[in-house]
Every structure is written in C-alpha cells, then in structure tokens.
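Only one structure is covered here, and it is reproduced in the block below.
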Amino acid sequence: MGLIKDIYSVSFYEKFSQAVAEVYPAFNRQKFIEVIYEGDFAQKEWKERMKHTTVVFHQFMPQNFPEAVSLIDKIIENLRKNNFADSNLAFIFFADYIEMYGLDDFETSKKAFVSVTQFISCEFAVRPFILKYKEQMINEMTKWSLHQNHHVRRLASEGSRPRLPWAMAIPFLKKDPSSILPILENLKNDPSEYVRRSVANNLNDIAKDNPQIVLEIASKWKGHSKETDGIIKHGSRTLLKQGHPEILSHYGLESTNIELSSFEIKTPVVKIGDYLQFQFHLNNKNKESKTVRLEYAVHYKKSKGHLAKKVFKISEKIYHPNQLTKIERNQSFKLITTRVFHTGTHQLSIIINGTESEVLEFELIE
C-alpha cells in the first residue's frame with residue numbers, strides 16, 4: 001500500500017487537467033502541471049500537497065468566485081462522465097477551494113457546499129463558515145438535514161460536530177450545542193446508516209462537554225426504533241467508557257453479583273514491541289441472566305510520571321446464571337505513531353458494567 005500523499009501523482013494531475021480542459025478550454029494543462037511540481041513538491045506531505053493543489057488550481061481558474069464555483073460544478077460533472085468515483089479523496093481540494101476563496105461570499109458558498117459535498121465531503125471546509133456566520137450557517141445546515149441527498153444530510157451532522165477529529169473545534173458549540181440539536185432530531189431516523197453514524201458521532205462529541213444533554217436525548221429517543229437505539233448506543237460510547245451511572249442505568253448495566261476471579265497478568269514484565277497478556281474468570285452469581293459490558297483499562301505511565309487511563313472494550317453480551325467464563329486478552333505495546341510508550345510501572349484493571357476492579361501492576365521495559 002502506497003503513502004496517502006501519493007494519490008497526488010503525475011497520472012492523477014494529467015487525467016484531472018484533461019477533464020478540466022474539456023469543459024474549460026482556457027485551462028493551460030501543461031503549465032498547470034509544471035506549476036504543481038515546482039519547488040519542493042516531493043517533500044510535501046498529503047495535506048500540504050492538497051493545499052498546494054488548491055492554490056495552483058485557483059491560479060488557473062476564473063478569479064470571480066461565483067464563476068469559479070459554476071465551473072467546478074461542470075468539472076465535477078465531467079469527472080463523473082470520465083469514471084472518476086465520488087468520494088475520491090484526492091478531490092478534497094474542491095472543498096478546500098470553497099473554504100479558502102469563498103469565506104466572504106456566504107450565499108455562493110452555501111450553494112457550492114451542497115453541490116460539491118455530493119462528490120467529495122466538505123465537513124472540514126464548513127467549519128470556518130460556522131465560526132464566522134454562526135446562527136446563519138447553523139440555520140442553513142438545519143435545512144441541509146432535510147435534503148434529499150444523503151451526502152448533504154450527513155454534511156449537516158458531521159460538519160456541525162463540536163469536536164470533529166483532525167478539524168478545528170467549534171468552541172461555542174462545545175459550550176452550548178443546543179443550536180445543532182434540531183439537526184440531529186431531523187436525522188435520528190435517517191434511512192442511511194452513513195448519516196446515522198454521523199449523528200452518533202455528533203452526540204458522542206456533545207457528551208464530552210455536555211453529558212446531561214446526551215442523557216436526556218437517550219431517554220427521549222429510547223425505543224423509538226432499532227436504528228435510533230443504535231445511534232444512542234454508539235453516541236454514548238464515551239459515557240459508557242467513563243462508567244457514567246445514568247447511562248449504565250439506561251442500559252440496565254449493573255455490576256452487583258457479577259464476580260471477577262483469578263485475575264492474573266501472565267507477562268508482568270513487557271518489552272516495548274511485545275504484548276501484555278492477561279486472563280480472568282467472570283461468573284454471573286445472580287439468579288437471572290444479566291447483560292455484562294466488559295472492558296479493561298490500561299493506566300499508561302506518562303512522561304511526567306503520572307498515569308493516564310485508556311479503556312478498551314472486550315464485549316457486551318448476556319451471561320446466564322452461574323455461567324463461569326474464562327477470558328484471555330493480549331494488549332499490544334508495539335510502537336505506533338499515535339502513542340508514545342514510557343518505561344516503568346503501568347497498571348491494568350478490569351471494568352464490569354462501569355465498575356473498575358482491583359488494579360494489577362506490570363513493568364514496561366525497552
């Protein structure tokens with residue numbers, strides 16, 4: 001598998017520029033590609049190449065923004081005719097184009113988002129518009145949540161997430177998300193799983209700053225439909241990991257008489273690059289079957305010596321009375337770009353329906 005930055009290849013630019021020239025004869029294909037590869041293009045990472053493509057593309061487009069947007073629509077139509085697939089990540093520079101050059105033209109940009117997002121998602125590009133236009137933009141996105149196209153409906157929920165990963169946060173929505181709740185309400189029964197998952201992700205964002213709002217929505221939506229129940233479950237995942245009492249009660253997750261035994265770390269000394277191995281037994285001592293959400297927490301040692309807890313889910317299923325089950329797991333300590341490991345004493349615990357067990361220690365060494 002190649003690097004993501006390599007989606008911006010000579011072949012891509014040649015095919016793309018050909019598609020542009022077919023609908024915009026004034027487009028200088030050769031010069032466009034020359035400018036793309038000027039300077040340090042080879043050293044640029046994916047996002048840098050995307051931004052660079054936006055800027056160079058702008059140089060060869062009409063400088064009047066509404067005219068350029070109209071041309072982009074024609075280019076997209078031609079790309080489809082030339083069998084370029086929708087959601088091809090390379091074309092995210094179309095969304096970036098609106099963000100960079102349309103921020104002062106709200107009326108044109110809002111229409112452009114509706115059009116372009118049906119070809120390539122615009123959830124990152126709408127963020128500066130929400131910050132600048134606030135209520136005006138949220139009102140527009142609420143209308144999008146009723147659009148006939150599922151990509152536009154998803155943009156309404158995904159673009160308005162208070163904490164969208166890899167994107168700028170929206171501080172006023174983190175503080176008070178009430179203005180986007182009508183969007184989620186409109187989409188709670190959406191026929192598209194793609195849209196419903198976005199609604200769940202939005203709720204999970206809200207739960208990190210305003211858990212009570214999500215708890216109220218969970219109560220309000222409970223039992224409305226199988227799909228809506230699924231949205232709530234996925235949207236409550238942070239609250240469940242936190243062992244929030246109200247959400248545990250919402251799902252009937254009680255730890256009484258669920259017995260943990262024989263909890264053992266099989267590898268008390270772990271080398272970076274290897275696996276932590278552990279096991280335990282679980283027994284439902286109740287007289288009736290119980291749903292058990294089973295997790296474990298690794299308390300990682302950080303650079304300043306303190307411990308930081310991260311929860312991992314094992315399973316959530318029904319345990320029958322006196323059902324004794326042995327569970328074994330491996331936790332990887334292989335080096336990855338998103339986590340730095342620090343040698344020293346770490347901790348491990350088992351979490352049963354939100355209740356954390358005894359804590360065992362293990363050593364991580366180089």
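Ordering of the structure tokens sets the chain letters (A, B, ...), residue numbers begin anew at 1 in every chain, and ligands are numbered from 1 in the order given.
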Distance query Gly235 in chain A at most 10 Å, only C-alpha atoms, self and fewer than 4 positions along chain excluded, as a list in words
Arg197, Ser198, Val199, Ala200, Asn201, Asn202, Leu203, Asn204, Asp205, Ile206, Ala207, Val214, Ala218, Asp229, Gly230, Ile231, Leu239 and Leu240 of chain A
I need the residues from that last selection saved to file as a short mmCIF file (atom, residue, chain, number, x, y, z; two decimals), in the first residue's frame (with all heavy atoms), if you can.
```cif
data_model
loop_
_atom_site.label_atom_id
_atom_site.label_comp_id
_atom_site.auth_asym_id
_atom_site.auth_seq_id
_atom_site.Cartn_x
_atom_site.Cartn_y
_atom_site.Cartn_z
N ARG A 197 -24.65 7.13 11.54
CA ARG A 197 -23.38 7.02 12.26
C ARG A 197 -22.80 8.42 12.54
O ARG A 197 -22.21 8.65 13.59
CB ARG A 197 -22.38 6.18 11.46
CG ARG A 197 -21.03 5.99 12.14
CD ARG A 197 -20.24 4.88 11.48
NE ARG A 197 -20.81 3.59 11.78
CZ ARG A 197 -20.48 2.86 12.85
NH1 ARG A 197 -19.57 3.32 13.72
NH2 ARG A 197 -21.01 1.68 13.06
N SER A 198 -22.99 9.33 11.61
CA SER A 198 -22.54 10.71 11.83
C SER A 198 -23.31 11.36 12.98
O SER A 198 -22.73 12.09 13.80
CB SER A 198 -22.71 11.52 10.55
OG SER A 198 -22.37 12.87 10.77
N VAL A 199 -24.61 11.10 13.05
CA VAL A 199 -25.42 11.61 14.16
C VAL A 199 -24.87 11.08 15.48
O VAL A 199 -24.73 11.83 16.47
CB VAL A 199 -26.90 11.23 13.99
CG1 VAL A 199 -27.71 11.64 15.22
CG2 VAL A 199 -27.48 11.89 12.74
N ALA A 200 -24.55 9.79 15.52
CA ALA A 200 -23.99 9.19 16.73
C ALA A 200 -22.66 9.83 17.10
O ALA A 200 -22.40 10.11 18.28
CB ALA A 200 -23.82 7.69 16.53
N ASN A 201 -21.82 10.09 16.12
CA ASN A 201 -20.53 10.74 16.39
C ASN A 201 -20.72 12.15 16.92
O ASN A 201 -19.95 12.61 17.78
CB ASN A 201 -19.68 10.75 15.12
CG ASN A 201 -19.15 9.38 14.75
OD1 ASN A 201 -19.02 8.51 15.61
ND2 ASN A 201 -18.86 9.17 13.48
N ASN A 202 -21.71 12.84 16.41
CA ASN A 202 -22.00 14.19 16.90
C ASN A 202 -22.44 14.11 18.37
O ASN A 202 -21.96 14.90 19.20
CB ASN A 202 -23.09 14.83 16.03
CG ASN A 202 -23.17 16.33 16.20
OD1 ASN A 202 -23.13 16.84 17.30
ND2 ASN A 202 -23.31 17.05 15.09
N LEU A 203 -23.32 13.18 18.69
CA LEU A 203 -23.75 13.01 20.08
C LEU A 203 -22.58 12.67 20.99
O LEU A 203 -22.49 13.17 22.12
CB LEU A 203 -24.81 11.91 20.16
CG LEU A 203 -26.20 12.25 19.63
CD1 LEU A 203 -27.09 11.00 19.66
CD2 LEU A 203 -26.84 13.37 20.44
N ASN A 204 -21.68 11.83 20.50
CA ASN A 204 -20.52 11.47 21.31
C ASN A 204 -19.64 12.68 21.58
O ASN A 204 -19.08 12.84 22.67
CB ASN A 204 -19.72 10.38 20.62
CG ASN A 204 -18.67 9.76 21.53
OD1 ASN A 204 -18.97 9.26 22.60
ND2 ASN A 204 -17.42 9.80 21.09
N ASP A 205 -19.50 13.56 20.58
CA ASP A 205 -18.79 14.83 20.80
C ASP A 205 -19.46 15.65 21.89
O ASP A 205 -18.81 16.18 22.79
CB ASP A 205 -18.77 15.65 19.50
CG ASP A 205 -17.69 15.20 18.52
OD1 ASP A 205 -17.05 14.17 18.77
OD2 ASP A 205 -17.50 15.89 17.50
N ILE A 206 -20.78 15.78 21.78
CA ILE A 206 -21.54 16.57 22.76
C ILE A 206 -21.38 16.00 24.16
O ILE A 206 -21.23 16.75 25.14
CB ILE A 206 -23.03 16.62 22.36
CG1 ILE A 206 -23.21 17.42 21.05
CG2 ILE A 206 -23.88 17.24 23.47
CD1 ILE A 206 -24.61 17.36 20.48
N ALA A 207 -21.36 14.67 24.26
CA ALA A 207 -21.27 14.02 25.57
C ALA A 207 -19.99 14.37 26.32
O ALA A 207 -19.96 14.36 27.55
CB ALA A 207 -21.37 12.50 25.40
N VAL A 214 -26.93 14.62 26.33
CA VAL A 214 -26.99 13.33 25.65
C VAL A 214 -27.83 12.34 26.46
O VAL A 214 -28.59 11.54 25.90
CB VAL A 214 -25.57 12.79 25.40
CG1 VAL A 214 -25.62 11.38 24.82
CG2 VAL A 214 -24.82 13.72 24.45
N ALA A 218 -31.01 10.43 25.07
CA ALA A 218 -31.10 8.98 25.16
C ALA A 218 -32.45 8.56 25.74
O ALA A 218 -33.09 7.62 25.25
CB ALA A 218 -29.95 8.43 26.01
N ASP A 229 -32.10 3.49 18.48
CA ASP A 229 -31.41 2.90 19.63
C ASP A 229 -29.93 2.68 19.32
O ASP A 229 -29.07 2.86 20.18
CB ASP A 229 -32.06 1.57 20.01
CG ASP A 229 -33.41 1.74 20.71
OD1 ASP A 229 -33.68 2.86 21.19
OD2 ASP A 229 -34.18 0.77 20.76
N GLY A 230 -29.64 2.31 18.07
CA GLY A 230 -28.25 2.13 17.67
C GLY A 230 -27.47 3.43 17.69
O GLY A 230 -26.30 3.46 18.08
N ILE A 231 -28.12 4.52 17.28
CA ILE A 231 -27.48 5.84 17.32
C ILE A 231 -27.12 6.19 18.76
O ILE A 231 -26.00 6.63 19.06
CB ILE A 231 -28.41 6.92 16.73
CG1 ILE A 231 -28.53 6.77 15.22
CG2 ILE A 231 -27.89 8.33 17.09
CD1 ILE A 231 -29.54 7.71 14.59
N LEU A 239 -19.51 8.02 27.37
CA LEU A 239 -20.15 7.94 28.68
C LEU A 239 -20.06 6.53 29.23
O LEU A 239 -19.84 6.34 30.44
CB LEU A 239 -21.62 8.39 28.58
CG LEU A 239 -21.87 9.84 28.17
CD1 LEU A 239 -23.37 10.12 28.07
CD2 LEU A 239 -21.21 10.81 29.15
N LEU A 240 -20.23 5.53 28.36
CA LEU A 240 -20.12 4.14 28.82
C LEU A 240 -18.70 3.83 29.26
O LEU A 240 -18.49 3.18 30.29
CB LEU A 240 -20.55 3.20 27.69
CG LEU A 240 -22.06 3.13 27.42
CD1 LEU A 240 -22.34 2.46 26.08
CD2 LEU A 240 -22.78 2.40 28.54
#
```
Would you give me, as a VMD selection string, the residues in range 228-364 of chain A that DSSP reads as strand (DSSP E)?
chain A and resid 258 to 265 269 to 271 275 to 284 290 to 301 307 to 319 324 to 332 344 to 352 355 to 364
Residue contacts of Tyr275 in chain A (12 Å, only C-alpha atoms) excluding same-chain residues fewer than 4 positions away, as a ChimeraX atom specification
/A:265-271,329-335,362-365
Could you name the residues that touch Trp144 in chain A at 9 Å or less, counting only C-alpha atoms, but leaving out those on the same chain fewer than 3 positions away, as an NGL selection string?
:A and (114 or 139-141 or 147-149 or 152-156 or 183)
Find the spatial neighbours of Val126 in chain A, counting only C-alpha atoms, within a cut-off of 10 Å - ignore same-chain residues fewer than 2 positions away - and output them as a PyMOL selection string.
chain A and resi 95-96+98-99+103+109-110+113+122-124+128-131+137+141+155-156+158-160
Run DSSP on the backbone and tell me which residues of range 57-207 of chain A come out as alpha helix (DSSP H); list them as number ranges by chain.
A: 57-59, 65-81, 93-101, 106-116, 127-133, 135-144, 150-158, 171-175, 181-187, 193-207
Across A:Arg339, A:Lys47, A:Lys326, A:His306, the smallest distance to Gln279 in chain A, with only C-alpha atoms counted, is shown by A:Lys326
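Of the residues under consideration (A:Ser236, A:Ser349, A:Phe12, A:Ile120), A:Ile120 shows the shortest atom-to-atom contact distance to Ile92 in chain A when counting only C-alpha atoms.
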Quick one: pull the distance between CA of Pro191 in chain A and CA of Leu89 in chain A, Å, one decimal.
24.5 Å
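Between CA of Pro165 in chain A and CA of His342 in chain A lies a distance of 25.2 Å.
Nearest to Phe57 in chain A of all the residues A:Thr142, A:Asn28, A:Ser262, A:Ser179 is A:Asn28, counting only C-alpha atoms.
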Contacts of range 22-26 of chain A at 12 Å or less, counting only C-alpha atoms, minus same-chain residues fewer than 6 places along, as JSON, numbers by chain?
{"A": [15, 16, 32, 60, 61, 62, 67, 68, 70, 71, 72, 73, 74, 75, 76, 77, 78, 79, 81, 82]}
